[in-house]
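Reviewing the structure listed below.
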Amino acid sequence: MRIAIDATSVPPRPAGAGVYSIELVRALAETAPAADGFAVFTRGGWFDDIGRGRRNWRVERVRGSRLQRALWEQARLPSRLRALGVDVVHSTHHSLPLQPLRCRRVVTVHDLTFLRLPQRYPVVRRLYMQLATRLAARIADAIVVPSQAVRDDVRRLLGEGAGAKTHVVYEAAAARFAPAPDRRRAGAVAGRYGIAPPYVLSVGSLEPGKNRGRLIRALRALRDEGISHRLVVVGQRAWKYGDDFALVRELGMERQVRFPGYVGDDDLAALYAGAAAFALPALYEGFGLPVLEAMACGTPVLTSNTGATAEVAGDAALLVDPLSTAAIRDGLRALLTDAGLREDLRARGLRRAAEFSWQRAARETLAVYRMVAGGEASR
């Protein structure tokens, strides 16, 4: 097969969906047979070494802003696919070229947040994501999603036709997320960000859907009980990020809550490993990659008892009702005061994280390519 992967959606500071694109392409480069040819389109240098080191891989740089990238996808990408004789094109983020193509089309839909929690998006961005995803789901030969929860959402919100061609491919924690062999390094990294233990870590963009308001209020209630762990929120500023800052000021928690911003993966792994616990009581996630990353680092996890995070965590995390501040508070209390519970969840989490791998994701994605190239999916 000749396969093209459109990874131009990966931003300069990749988070969940961007990490997916990077790790999937790298795993495909290690896993796919040399007889298959790959072309990867990217706006960054994420895959330069792949293009240099493998004769059956080519990497093409696309320059421009997010808007220019969308225009390139519709106006320029189709001609490149024809010139390369591509059999299958895979867009790793919700949209596809809309004009007729000679090749089959695969799209990854990471979640349907813009339909289920529209308040998490600015209006223009929300309308674009809704339109692009609906159109891509209609014309795609196959849709890849990261969880059964998203597959159910696709069937319910985008229609049975879209649901019938949807394939679940689970993500994984990258190999660099592992228990810290040197605890002193984890402490040194935390110190560099002005973080003093003990702390609870939460990872993800600063926006309403992460439910940080209830998490902050839960920790404020625990402070009245003498449990004074800090909260460290790692993630770049997004839509309505100021709400969390305002709440911290309102509750007088400026010294207890830290917002170090975006943190690179090497330092992030150390922050996971140094945390007393990890908390992501999100309202909705398509997968919840930080849950697995924390588990892979040996950090006990508290997360939501619904949707994809519960699906990913299985019995290896403390699951709570994300709509209840009291439930989050009680879960954190148990996690932070019960050493036996922490050790049990640490062991369960390590085993659970080991069940997922990017190599498996690459093999399953490659199987989707072969299926649509063989004409088994409807056009």
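In the structure tokens, chains take letters A, B, ... by order of appearance, with residues numbered from 1 within each chain and ligands from 1 in the order shown.
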Give one line per residue of stretch 86-177 of chain A that approaches stretch 264-270 of chain A to at most 12 Å, naming the two atoms of the closest pair and their distance in Å to one decimal, counting only C-alpha atoms; sort by chain then ascending residue number and deliver it as CSV.
```
residue,atom,partner,partner_atom,distance
A:Ala173,CA,A:Ala269,CA,10.4
A:Ala174,CA,A:Asp265,CA,9.4
A:Ala175,CA,A:Ala269,CA,10.1
A:Arg176,CA,A:Ala269,CA,7.0
A:Phe177,CA,A:Ala269,CA,5.3
```
Write out the residues from the selection above, keeping C-alpha atoms, as an mmCIF file, in the first residue's frame.
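Produced file selection-v6.cif, reproduced below:
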```
data_model
loop_
_atom_site.group_PDB
_atom_site.id
_atom_site.type_symbol
_atom_site.label_atom_id
_atom_site.label_comp_id
_atom_site.auth_asym_id
_atom_site.auth_seq_id
_atom_site.Cartn_x
_atom_site.Cartn_y
_atom_site.Cartn_z
ATOM 1 C CA ALA A 173 1.515 6.048 27.433
ATOM 2 C CA ALA A 174 4.836 6.637 25.682
ATOM 3 C CA ALA A 175 7.848 4.654 26.885
ATOM 4 C CA ARG A 176 9.336 7.688 28.647
ATOM 5 C CA PHE A 177 6.499 7.576 31.189
#
```
(message) Considering only helix (DSSP H, G or I) as DSSP defines it on the backbone, what residues of stretch 100-219 of chain A qualify? List them as a VMD selection string.
(response) chain A and resid 113 to 116 118 to 120 123 to 139 148 to 158 160 to 164 183 to 192 208 to 210 212 to 219
(request) Return the single residue from A:Tyr20, A:Tyr369, A:Trp57, A:Trp72 that is closest to A:Arg43, with distances computed using only C-alpha atoms. (result) A:Trp72
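The space separating atom CA of A:Leu350 from atom CA of A:Cys297 comes to 7.4 Å.
Between atom CA of A:Gly209 and atom CA of A:Asn305 lies a distance of 15.0 Å.
Distance annotation: of A:Arg116, A:His93, A:Arg258, A:Arg55, the residue with the minimal separation from A:Val232 is A:Arg258; atom set is only C-alpha atoms.
The smallest atom-to-atom distance between A:Asp315 and any of A:Gly286, A:Gly159, A:Gly349, A:Gly331, using only C-alpha atoms, is found for A:Gly349.
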